[in-house]
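This is entry_30.tsv (TSV, C-alpha atoms).
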chain	number	residue	atom	x	y	z
L	7	MET	CA	58.54	2.99	190.59
L	8	ILE	CA	58.42	5.11	193.72
L	9	ASN	CA	56.01	8.03	194.03
L	10	ILE	CA	58.27	11.08	193.81
L	11	LEU	CA	55.52	13.12	195.50
L	12	GLY	CA	55.54	11.07	198.68
L	13	THR	CA	52.12	10.58	200.23
L	14	ILE	CA	50.09	12.66	197.77
L	15	THR	CA	48.94	11.70	194.29
L	16	ALA	CA	49.91	13.46	191.08
L	17	GLU	CA	46.31	14.67	190.79
L	18	GLN	CA	46.48	16.23	194.26
L	19	PHE	CA	49.79	17.86	193.49
L	20	LEU	CA	48.54	19.44	190.27
L	21	SER	CA	45.31	20.71	191.82
L	22	GLU	CA	46.68	21.93	195.17
L	23	TYR	CA	50.35	22.90	194.62
L	24	TRP	CA	51.26	23.22	190.94
L	25	GLN	CA	51.95	26.92	190.24
L	26	LYS	CA	50.27	27.75	193.56
L	27	LYS	CA	52.52	27.11	196.58
L	28	PRO	CA	55.72	25.32	197.65
L	29	LEU	CA	55.71	21.68	198.70
L	30	LEU	CA	58.37	19.93	200.80
L	31	ILE	CA	58.57	16.18	200.22
L	32	ARG	CA	60.68	14.28	202.74
L	33	GLN	CA	62.47	11.27	201.22
L	34	ALA	CA	60.97	11.70	197.77
L	35	ILE	CA	63.66	9.20	196.74
L	36	PRO	CA	64.57	7.11	199.81
L	37	ASN	CA	68.27	6.28	200.28
L	38	PHE	CA	69.18	8.45	197.31
L	39	GLU	CA	72.83	8.40	196.26
L	40	CYS	CA	74.10	11.11	193.96
L	41	PRO	CA	75.17	9.68	190.55
L	42	ILE	CA	77.93	12.28	190.17
L	43	SER	CA	80.68	13.57	192.46
L	44	PRO	CA	81.87	17.15	193.06
L	45	ASP	CA	85.16	16.37	191.27
L	46	GLU	CA	83.25	15.10	188.23
L	47	LEU	CA	81.15	18.26	188.19
L	48	ALA	CA	84.32	20.34	188.30
L	49	GLY	CA	85.68	18.30	185.40
L	50	LEU	CA	82.54	18.96	183.35
L	51	ALA	CA	82.88	22.68	184.08
L	52	CYS	CA	86.20	22.60	182.23
L	53	GLU	CA	84.58	21.24	179.05
L	54	PRO	CA	83.81	23.91	176.40
L	55	GLU	CA	80.50	22.32	175.32
L	56	VAL	CA	79.12	22.27	178.88
L	57	GLU	CA	77.25	25.33	180.17
L	58	SER	CA	78.70	26.17	183.58
L	59	ARG	CA	78.84	29.09	186.02
L	60	ILE	CA	80.48	29.90	189.33
L	61	ILE	CA	78.71	32.38	191.58
L	62	ILE	CA	80.77	33.97	194.36
L	63	GLU	CA	78.96	35.80	197.13
L	64	ASN	CA	81.71	38.41	197.49
L	65	HIS	CA	84.21	38.69	194.63
L	66	GLU	CA	86.62	41.61	194.90
L	67	GLY	CA	83.93	43.73	196.52
L	68	GLN	CA	81.21	42.72	194.04
L	69	PRO	CA	78.21	40.89	195.55
L	70	TRP	CA	76.85	37.73	193.93
L	71	HIS	CA	79.33	37.83	191.09
L	72	PRO	CA	78.88	35.23	188.29
L	73	LEU	CA	81.75	33.75	186.30
L	74	ASN	CA	81.01	31.83	183.10
L	75	GLY	CA	82.80	28.65	182.09
L	76	PRO	CA	84.62	26.80	180.75
L	77	PHE	CA	87.03	26.92	183.68
L	78	ASN	CA	90.43	25.43	184.41
L	79	GLU	CA	92.14	23.89	187.43
L	80	GLU	CA	93.91	27.12	188.33
L	81	GLN	CA	90.59	28.98	188.60
L	82	PHE	CA	89.22	26.32	190.94
L	83	SER	CA	92.34	26.49	193.12
L	84	GLN	CA	91.83	30.24	193.57
L	85	LEU	CA	88.27	29.98	194.87
L	86	PRO	CA	87.59	30.83	198.53
L	87	GLU	CA	86.93	27.98	200.96
L	88	THR	CA	83.29	28.99	201.48
L	89	ASN	CA	80.40	31.00	200.02
L	90	TRP	CA	80.46	30.09	196.34
L	91	SER	CA	78.50	27.78	194.05
L	92	LEU	CA	79.24	25.84	190.87
L	93	LEU	CA	76.29	25.37	188.49
L	94	ILE	CA	76.27	22.81	185.67
L	95	GLN	CA	73.37	23.13	183.24
L	96	GLY	CA	71.90	20.30	181.14
L	97	LEU	CA	73.34	17.47	183.22
L	98	ASP	CA	70.59	15.11	182.03
L	99	ALA	CA	72.02	15.36	178.50
L	100	ILE	CA	75.39	14.13	179.77
L	101	VAL	CA	74.82	11.54	182.52
L	102	PRO	CA	72.32	8.69	181.83
L	103	GLU	CA	71.63	8.12	185.54
L	104	ILE	CA	70.68	11.80	185.87
L	105	SER	CA	68.48	11.58	182.77
L	106	ASP	CA	66.64	8.61	184.32
L	107	LEU	CA	65.44	10.87	187.15
L	108	LEU	CA	63.10	12.56	184.69
L	109	ASN	CA	61.01	9.39	184.50
L	110	HIS	CA	59.73	10.23	187.98
L	111	PHE	CA	58.13	13.38	186.54
L	112	ARG	CA	56.14	11.96	183.62
L	113	PHE	CA	52.92	13.27	185.16
L	114	ILE	CA	54.08	16.54	183.59
L	115	PRO	CA	54.05	16.81	179.74
L	116	ASN	CA	57.37	16.17	178.00
L	117	TRP	CA	57.35	19.62	176.41
L	118	ARG	CA	57.35	21.23	179.87
L	119	ILE	CA	60.62	19.62	180.98
L	120	ASP	CA	63.69	21.81	180.41
L	121	ASP	CA	66.72	20.15	181.98
L	122	ILE	CA	68.42	19.11	185.20
L	123	MET	CA	70.97	21.50	186.67
L	124	ALA	CA	73.49	20.49	189.33
L	125	SER	CA	74.55	22.94	192.00
L	126	TYR	CA	77.65	22.12	194.05
L	127	ALA	CA	78.58	24.37	196.96
L	128	PRO	CA	80.91	24.28	199.98
L	129	LYS	CA	79.68	25.64	203.31
L	130	GLY	CA	77.73	28.88	202.92
L	131	GLY	CA	77.50	28.51	199.15
L	132	SER	CA	74.44	30.07	197.57
L	133	VAL	CA	73.20	31.94	194.51
L	134	GLY	CA	71.50	34.54	196.72
L	135	PRO	CA	67.87	35.27	197.62
L	136	HIS	CA	66.07	35.45	194.27
L	137	TYR	CA	63.05	34.38	192.26
L	138	ASP	CA	62.52	32.74	188.86
L	139	TYR	CA	59.74	32.52	186.31
L	140	TYR	CA	59.68	28.74	186.03
L	141	ASP	CA	58.62	25.74	188.12
L	142	VAL	CA	61.40	23.73	189.71
L	143	PHE	CA	61.87	20.59	191.80
L	144	LEU	CA	64.94	20.83	194.03
L	145	LEU	CA	66.23	17.36	194.84
L	146	GLN	CA	68.91	17.21	197.53
L	147	ALA	CA	71.53	14.79	196.20
L	148	GLN	CA	74.44	15.06	198.64
L	149	GLY	CA	75.01	16.87	201.94
L	150	LYS	CA	72.54	19.31	203.48
L	151	ARG	CA	71.10	22.55	202.20
L	152	ARG	CA	68.93	25.02	204.08
L	153	TRP	CA	66.08	26.43	202.02
L	154	LEU	CA	64.22	29.62	202.88
L	155	THR	CA	61.10	30.41	200.86
L	156	GLY	CA	59.44	33.79	200.91
L	157	GLN	CA	57.07	36.19	199.24
L	158	HIS	CA	55.58	36.20	195.76
L	159	CYS	CA	57.65	38.43	193.46
L	160	ASP	CA	57.24	40.17	190.13
L	161	GLU	CA	58.97	42.75	187.96
L	162	HIS	CA	58.25	45.41	190.59
L	163	SER	CA	60.16	43.56	193.34
L	164	LYS	CA	63.32	45.49	194.24
L	165	THR	CA	66.60	43.82	193.31
L	166	LEU	CA	70.25	44.75	193.78
L	167	ASN	CA	71.69	47.00	191.07
L	168	ASN	CA	75.36	45.99	191.27
L	169	THR	CA	74.94	42.38	190.12
L	170	PRO	CA	73.53	40.91	186.89
L	171	LEU	CA	71.64	38.32	188.95
L	172	ARG	CA	68.07	38.87	190.15
L	173	ILE	CA	69.02	39.21	193.84
L	174	LEU	CA	66.24	40.55	196.06
L	175	GLU	CA	66.81	43.57	198.30
L	176	ASP	CA	64.19	42.34	200.77
L	177	PHE	CA	63.37	38.75	201.64
L	178	GLU	CA	60.37	37.81	203.78
L	179	THR	CA	60.94	34.30	205.15
L	180	GLU	CA	57.79	32.18	205.22
L	181	ASN	CA	59.35	28.71	205.42
L	182	ASP	CA	62.71	27.50	206.74
L	183	TRP	CA	63.63	23.90	205.89
L	184	VAL	CA	66.83	21.81	205.93
L	185	LEU	CA	66.93	19.21	203.15
L	186	GLU	CA	68.96	15.99	203.33
L	187	PRO	CA	69.72	13.50	200.52
L	188	GLY	CA	66.47	12.23	199.01
L	189	ASP	CA	64.41	15.20	200.21
L	190	MET	CA	62.83	17.41	197.55
L	191	LEU	CA	61.27	20.87	197.44
L	192	TYR	CA	58.86	22.05	194.75
L	193	LEU	CA	58.77	25.78	194.03
L	194	PRO	CA	56.23	27.48	191.74
L	195	PRO	CA	57.19	30.49	189.62
L	196	GLN	CA	57.91	33.86	191.25
L	197	VAL	CA	58.26	32.52	194.80
L	198	ALA	CA	61.31	34.03	196.52
L	199	HIS	CA	63.80	31.41	197.68
L	200	HIS	CA	67.30	31.18	199.10
L	201	GLY	CA	69.29	27.96	199.33
L	202	ILE	CA	72.35	27.91	201.60
L	203	SER	CA	74.79	25.00	201.76
L	204	MET	CA	75.47	23.66	205.25
L	205	GLY	CA	78.65	21.93	204.08
L	206	ASP	CA	79.78	20.31	200.83
L	207	CYS	CA	76.52	19.57	199.04
L	208	ILE	CA	74.96	18.90	195.64
L	209	THR	CA	71.42	19.88	194.71
L	210	LEU	CA	69.77	18.72	191.47
L	211	SER	CA	67.26	21.19	190.02
L	212	ILE	CA	64.64	19.72	187.70
L	213	GLY	CA	63.60	22.81	185.75
L	214	LEU	CA	60.24	23.06	184.00
L	215	ARG	CA	60.06	25.66	181.27
L	216	SER	CA	57.18	27.82	180.14
L	217	PRO	CA	57.72	30.02	177.08
L	218	THR	CA	56.96	33.72	177.39
L	219	HIS	CA	54.34	35.34	175.17
L	220	ASP	CA	57.18	37.12	173.40
L	221	GLN	CA	58.92	33.79	172.67
L	222	ILE	CA	55.67	32.22	171.47
L	223	LEU	CA	54.80	35.06	169.10
L	224	THR	CA	58.34	35.51	167.80
L	225	SER	CA	58.93	31.81	167.16
L	226	PHE	CA	55.48	31.17	165.69
L	227	THR	CA	55.66	34.11	163.29
L	228	ASP	CA	59.14	32.97	162.18
L	229	TYR	CA	57.67	29.52	161.54
L	230	ILE	CA	54.76	30.96	159.56
L	231	CYS	CA	57.03	33.21	157.51
L	232	ASN	CA	58.98	30.15	156.38
L	233	ILE	CA	55.90	28.37	155.06
L	234	ALA	CA	53.69	31.25	153.89
L	235	VAL	CA	53.25	31.72	150.15
L	236	LYS	CA	55.25	34.83	149.33
L	237	GLU	CA	53.07	35.75	146.31
L	238	LEU	CA	49.88	36.10	148.37
L	239	HIS	CA	49.01	39.72	149.04
L	240	LEU	CA	46.44	41.76	150.93
L	241	ASP	CA	44.08	42.24	147.97
L	242	ASP	CA	41.19	44.68	147.91
L	243	PRO	CA	39.08	44.14	144.76
L	244	ASN	CA	36.05	45.73	146.46
L	245	LEU	CA	37.78	49.02	147.23
L	246	THR	CA	35.37	51.96	147.52
L	247	ILE	CA	35.74	55.72	147.76
L	248	GLN	CA	36.48	57.03	151.28
L	249	ASP	CA	35.57	60.42	152.74
L	250	ASN	CA	39.19	60.80	153.86
L	251	PRO	CA	42.09	58.94	152.21
L	252	GLY	CA	43.97	58.95	155.50
L	253	GLU	CA	41.49	56.61	157.19
L	254	MET	CA	42.28	52.96	157.74
L	255	ASN	CA	38.75	51.64	157.99
L	256	THR	CA	37.28	48.56	159.65
L	257	TYR	CA	37.12	46.76	156.28
L	258	VAL	CA	40.93	46.76	156.15
L	259	MET	CA	41.12	45.58	159.77
L	260	ASP	CA	38.80	42.68	158.92
L	261	GLN	CA	41.00	41.75	155.97
L	262	LEU	CA	44.10	41.81	158.15
L	263	LYS	CA	42.35	39.67	160.74
L	264	GLU	CA	41.47	37.12	158.05
L	265	VAL	CA	45.13	36.91	156.97
L	266	VAL	CA	46.27	36.25	160.54
L	267	GLN	CA	43.47	33.82	161.34
L	268	ARG	CA	44.14	31.63	158.32
L	269	TYR	CA	47.37	30.60	160.05
L	270	LEU	CA	45.90	30.21	163.55
L	271	THR	CA	44.80	26.63	163.07
L	272	ASN	CA	45.53	23.66	165.29
L	273	ASP	CA	47.43	22.14	162.38
L	274	MET	CA	49.75	25.16	162.12
L	275	LEU	CA	50.09	25.62	165.88
L	276	SER	CA	50.84	21.96	166.55
L	277	GLY	CA	53.41	21.85	163.75
L	278	TRP	CA	55.19	24.88	165.12
L	279	PHE	CA	54.96	23.94	168.80
L	280	GLY	CA	56.05	20.35	168.26
L	281	GLN	CA	59.22	21.45	166.51
L	282	TYR	CA	59.84	24.36	168.90
L	283	SER	CA	59.40	22.36	172.10
L	284	THR	CA	61.54	19.39	171.02
L	285	GLU	CA	64.43	21.46	169.67
L	286	PRO	CA	67.66	20.29	171.39
L	287	LYS	CA	69.23	22.75	173.81
L	288	SER	CA	72.56	22.64	171.96
L	289	ASP	CA	73.92	21.45	168.62
L	290	HIS	CA	76.14	18.70	170.05
L	291	ILE	CA	73.33	16.75	171.77
L	292	VAL	CA	72.30	14.63	168.76
L	293	GLN	CA	75.24	12.82	167.19
L	294	LEU	CA	75.05	10.30	164.36
L	295	PRO	CA	76.23	6.79	165.33
L	296	GLU	CA	79.54	5.68	163.89
L	297	ASP	CA	78.05	2.45	162.51
L	298	PRO	CA	74.47	2.83	161.23
L	299	ILE	CA	72.52	-0.43	161.10
L	300	GLU	CA	70.64	-1.95	158.19
L	301	GLU	CA	67.05	-3.12	158.38
L	302	THR	CA	68.22	-6.74	158.24
L	303	GLU	CA	70.35	-6.12	161.37
L	304	LEU	CA	67.65	-4.44	163.45
L	305	MET	CA	66.19	-7.47	165.21
L	306	ASN	CA	69.64	-8.76	166.16
L	307	TYR	CA	70.55	-5.26	167.37
L	308	LEU	CA	67.49	-5.24	169.61
L	309	ALA	CA	68.04	-8.82	170.81
L	310	ASN	CA	71.40	-7.81	172.31
L	311	ALA	CA	69.92	-4.85	174.18
L	312	ASN	CA	68.42	-4.47	177.63
L	313	SER	CA	66.23	-1.61	176.41
L	314	ILE	CA	66.14	1.16	173.85
L	315	ARG	CA	66.94	4.56	175.34
L	316	TRP	CA	66.40	8.12	174.27
L	317	ASN	CA	69.63	9.83	173.43
L	318	GLU	CA	70.41	11.88	176.53
L	319	GLY	CA	69.03	15.36	175.89
L	320	SER	CA	66.67	14.28	173.09
L	321	ARG	CA	63.02	15.33	173.28
L	322	PHE	CA	59.93	13.50	172.01
L	323	SER	CA	56.27	14.52	171.72
L	324	TYR	CA	53.26	13.84	169.52
L	325	TYR	CA	49.96	15.43	168.52
L	326	LEU	CA	46.70	13.69	167.62
L	327	ALA	CA	44.10	15.86	165.89
L	328	GLU	CA	40.51	15.05	166.84
L	329	ASP	CA	39.39	15.33	163.21
L	330	LYS	CA	42.22	13.09	161.93
L	331	PRO	CA	42.19	9.94	164.10
L	332	ASP	CA	44.14	7.97	161.47
L	333	GLN	CA	47.17	10.29	161.62
L	334	ILE	CA	49.73	11.28	164.21
L	335	LYS	CA	52.26	14.09	164.20
L	336	PHE	CA	55.50	12.84	165.73
L	337	PHE	CA	58.09	15.36	166.92
L	338	TYR	CA	61.67	14.60	167.93
L	339	ASP	CA	64.64	16.93	168.34
L	340	GLY	CA	63.04	19.65	166.24
L	341	PHE	CA	61.88	17.31	163.46
L	342	GLU	CA	58.31	16.47	162.47
L	343	GLN	CA	56.88	13.37	160.79
L	344	LEU	CA	53.26	12.90	159.78
L	345	LEU	CA	52.58	9.19	160.24
L	346	GLY	CA	49.72	6.82	159.62
L	347	LEU	CA	47.52	4.71	161.86
L	348	ASP	CA	49.97	1.81	162.05
L	349	SER	CA	52.65	4.00	163.66
L	350	ILE	CA	50.51	5.46	166.46
L	351	PRO	CA	51.19	2.71	169.07
L	352	LEU	CA	54.96	2.88	168.46
L	353	VAL	CA	55.06	6.68	168.71
L	354	LYS	CA	53.10	6.59	171.97
L	355	LEU	CA	55.46	3.96	173.38
L	356	ILE	CA	58.55	5.98	172.43
L	357	CYS	CA	57.17	9.18	173.97
L	358	SER	CA	56.11	7.57	177.27
L	359	GLY	CA	59.60	7.47	178.84
L	360	ASN	CA	63.30	7.56	178.10
L	361	GLN	CA	63.72	3.78	178.45
L	362	ILE	CA	61.64	1.83	175.94
L	363	PRO	CA	61.03	-1.76	177.10
L	364	LEU	CA	61.74	-4.42	174.51
L	365	LYS	CA	58.74	-6.72	175.04
L	366	PRO	CA	56.07	-4.24	173.91
L	367	LEU	CA	58.49	-2.91	171.29
L	368	PHE	CA	58.89	-6.33	169.66
L	369	ALA	CA	55.12	-6.73	169.68
L	370	LEU	CA	54.71	-3.55	167.63
L	371	LEU	CA	57.44	-4.11	165.07
L	372	SER	CA	56.36	-5.28	161.65
L	373	ALA	CA	57.68	-4.92	158.15
L	374	GLY	CA	57.13	-1.49	156.67
L	375	SER	CA	56.84	1.99	158.15
L	376	THR	CA	56.96	0.95	161.82
L	377	THR	CA	60.32	-0.78	161.44
L	378	ASN	CA	61.61	2.00	159.22
L	379	LEU	CA	60.63	4.62	161.78
L	380	LEU	CA	62.56	2.91	164.56
L	381	LEU	CA	65.54	2.38	162.25
L	382	ASP	CA	65.54	6.07	161.26
L	383	LEU	CA	65.51	7.17	164.91
L	384	ILE	CA	68.43	4.90	165.80
L	385	ASN	CA	70.51	5.82	162.76
L	386	GLY	CA	69.67	9.49	163.31
L	387	GLY	CA	71.16	9.41	166.81
L	388	HIS	CA	67.85	9.99	168.62
L	389	LEU	CA	67.63	6.48	170.14
L	390	TYR	CA	70.25	3.91	171.05
L	391	ALA	CA	70.43	0.40	172.48
L	392	GLU	CA	71.37	-0.01	176.14
L	393	GLU	CA	73.45	-3.17	176.28
L	394	ALA	CA	72.12	-6.09	178.31

Same coordinates, now as structure tokens:
Amino acid sequence: MINILGTITAEQFLSEYWQKKPLLIRQAIPNFECPISPDELAGLACEPEVESRIIIENHEGQPWHPLNGPFNEEQFSQLPETNWSLLIQGLDAIVPEISDLLNHFRFIPNWRIDDIMASYAPKGGSVGPHYDYYDVFLLQAQGKRRWLTGQHCDEHSKTLNNTPLRILEDFETENDWVLEPGDMLYLPPQVAHHGISMGDCITLSIGLRSPTHDQILTSFTDYICNIAVKELHLDDPNLTIQDNPGEMNTYVMDQLKEVVQRYLTNDMLSGWFGQYSTEPKSDHIVQLPEDPIEETELMNYLANANSIRWNEGSRFSYYLAEDKPDQIKFFYDGFEQLLGLDSIPLVKLICSGNQIPLKPLFALLSAGSTTNLLLDLINGGHLYAEEA
């Protein structure tokens, strides 16, 4: 496999660029050909289950005006010739060839990967000078796009008031690059950037998510509330007389701290985070197969395959506790399984990439839980066989 980072190693990238500064990589994927056409993107934008947007730089006097899909052919026919963009979210969950691009980024943990968004634009098309709070790799897939990168931004950076988008009032250009097919630009969070199409072009954005503290606390407390024993209370059998009944003393604070800390274990955190980070982005991603297979059919099913693939849009991760080397927590599409020692090699193989090679897979299969695990994932719609 090619090195998506060009001449530098993954270790260099993480130490010198990751969440620090932009990196331009010429011909990250040499001779790259876009797996999807503009017409196909427009067709997807008409589908109700696909998240799509059109951003027009000047729409009836409104700057950087977003329109939300699904769209129809008449709406596309009414668009201006220039200065607009079509965005299709979650393209990796729809197009296998797009999903395969994520294998180039396995030096980043699976839980960090959000999705791949496609941006089609005619000449002058853009989403405006803005900044985001996530890491992104911008792979030029078709045509040319000019990228300007600028200053570091935060919540105090001035943005336009008459658009719901985070469009900057002031942009301080630090870099000015033109990307051609196969070129890629990495941008860390909060770096101002502005991409302008130089003609019909498609850019693929590999987005890397990072939950906010608010999302972490809200989701974790929801998780804890669902498993906490409702009959447990804040008891105080050693209550003593206070000088003032209005005081909440340090003894109560210590009790409260003990209640919270009893849930702040690696076991609780890993259980929550594994389910949270593998949750599918939408309900339609995981679909049950029409013809589930029996255990007796599994080996024949595999023999007729080129490889076993993740369902497009599925997510897989695992957690190994240092104090429990004979167990593994396996997470997939919001589910959790606690498995034994014999399943660890299979779980690691499944989580290593979206195409699972058959040779090492056959070597791991044996009667019992390992076979049953693979069978459950196939019949559950999380894995499927890619025909030879």

(request) Would you kindly return, as a VMD selection string, each protein, DNA or RNA residue with an atom no farther than 8 Å from any atom of Tyr140 (chain L), considering only C-alpha atoms and excluding same-chain residues fewer than 6 positions away? (result) chain L and resid 194 to 196 213 to 216

Next, dump the selected residues to file, keeping only C-alpha atoms, as an mmCIF file, in the coordinates of the input.
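out_30.cif, written as the output of this step:
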data_model
loop_
_atom_site.group_PDB
_atom_site.id
_atom_site.type_symbol
_atom_site.label_atom_id
_atom_site.label_comp_id
_atom_site.auth_asym_id
_atom_site.auth_seq_id
_atom_site.Cartn_x
_atom_site.Cartn_y
_atom_site.Cartn_z
ATOM 1 C CA PRO L 194 56.230 27.480 191.740
ATOM 2 C CA PRO L 195 57.190 30.490 189.620
ATOM 3 C CA GLN L 196 57.910 33.860 191.250
ATOM 4 C CA GLY L 213 63.600 22.810 185.750
ATOM 5 C CA LEU L 214 60.240 23.060 184.000
ATOM 6 C CA ARG L 215 60.060 25.660 181.270
ATOM 7 C CA SER L 216 57.180 27.820 180.140
#

(request) Check the smallest atom-to-atom distance from each of L:Gln261, L:Pro115, L:Ile42, L:Leu344 to Leu97 (chain L) using all atoms listed in the file, then report the winner. (result) L:Ile42

(message) I need the residue nearest Gly188 (chain L) from this list: L:Gln157, L:Thr165, L:Ser43, L:Thr209. Use only C-alpha atoms for the distance.
(response) L:Thr209

Select, counting all atoms listed in the file, all protein, DNA and RNA residues no farther than 6 Å from (70.1, 17.0, 196.8) in file coordinates, and express the selection as a compact mmCIF listing (two decimals) with C-alpha atoms, in the coordinates of the input.
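Saved the output as selection_38.txt:
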# COMPACT_ATOMS: atom_id res chain seq x y z
CA LEU L 145 66.23 17.36 194.84
CA GLN L 146 68.91 17.21 197.53
CA ALA L 147 71.53 14.79 196.20
CA GLN L 148 74.44 15.06 198.64
CA PRO L 187 69.72 13.50 200.52
CA ILE L 208 74.96 18.90 195.64
CA THR L 209 71.42 19.88 194.71
CA LEU L 210 69.77 18.72 191.47

(message) So the first atom is CA of Lys354 (chain L) and the second is CA of Leu11 (chain L); what is the distance between them in Å, to one decimal place?
(response)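 These atoms are spaced 24.5 Å apart.
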
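Those DNA, RNA and protein residues that approach the point (58.9, 39.5, 192.1) to within 12 Å, considering all atoms listed in the file, are L:Pro135, L:His136, L:Tyr137, L:Asp138, L:Tyr139, L:Gly156, L:Gln157, L:His158, L:Cys159, L:Asp160, L:Glu161, L:His162, L:Ser163, L:Lys164, L:Thr165, L:Arg172, L:Ile173, L:Leu174, L:Glu175, L:Asp176, L:Phe177, L:Glu178, L:Pro195, L:Gln196, L:Val197, L:Ala198, L:His199.
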
(message) Give me, as a list in words, all polymer residues having an atom no more than 9 Å from Ile362 (chain L), counting all atoms listed in the file and skipping those fewer than 3 positions away in the same chain.
(response)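 So, after excluding close chain neighbours, the residues are Ser313, Ile314, Arg315, Trp316, Leu355, Ile356, Cys357, Ser358, Gly359, Pro366 and Leu367 of chain L.
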
Give one line per residue of region 132-223 of chain L that approaches region 62-75 of chain L to at most 7 Å, naming the two atoms of the closest pair and their distance in Å to one decimal, counting all atoms listed in the file; sort by chain then ascending residue number and deliver it as JSON lines.
{"residue": "L:Val133", "atom": "CA", "partner": "L:Trp70", "partner_atom": "CA", "distance": 6.9}
{"residue": "L:Gly134", "atom": "CA", "partner": "L:Trp70", "partner_atom": "CA", "distance": 6.8}
{"residue": "L:Thr169", "atom": "CA", "partner": "L:Trp70", "partner_atom": "CA", "distance": 6.3}

(request) In Å, rounded to a single decimal, give me how far CA of Ile100 (chain L) is from CA of Ile122 (chain L). (result) 10.1 Å
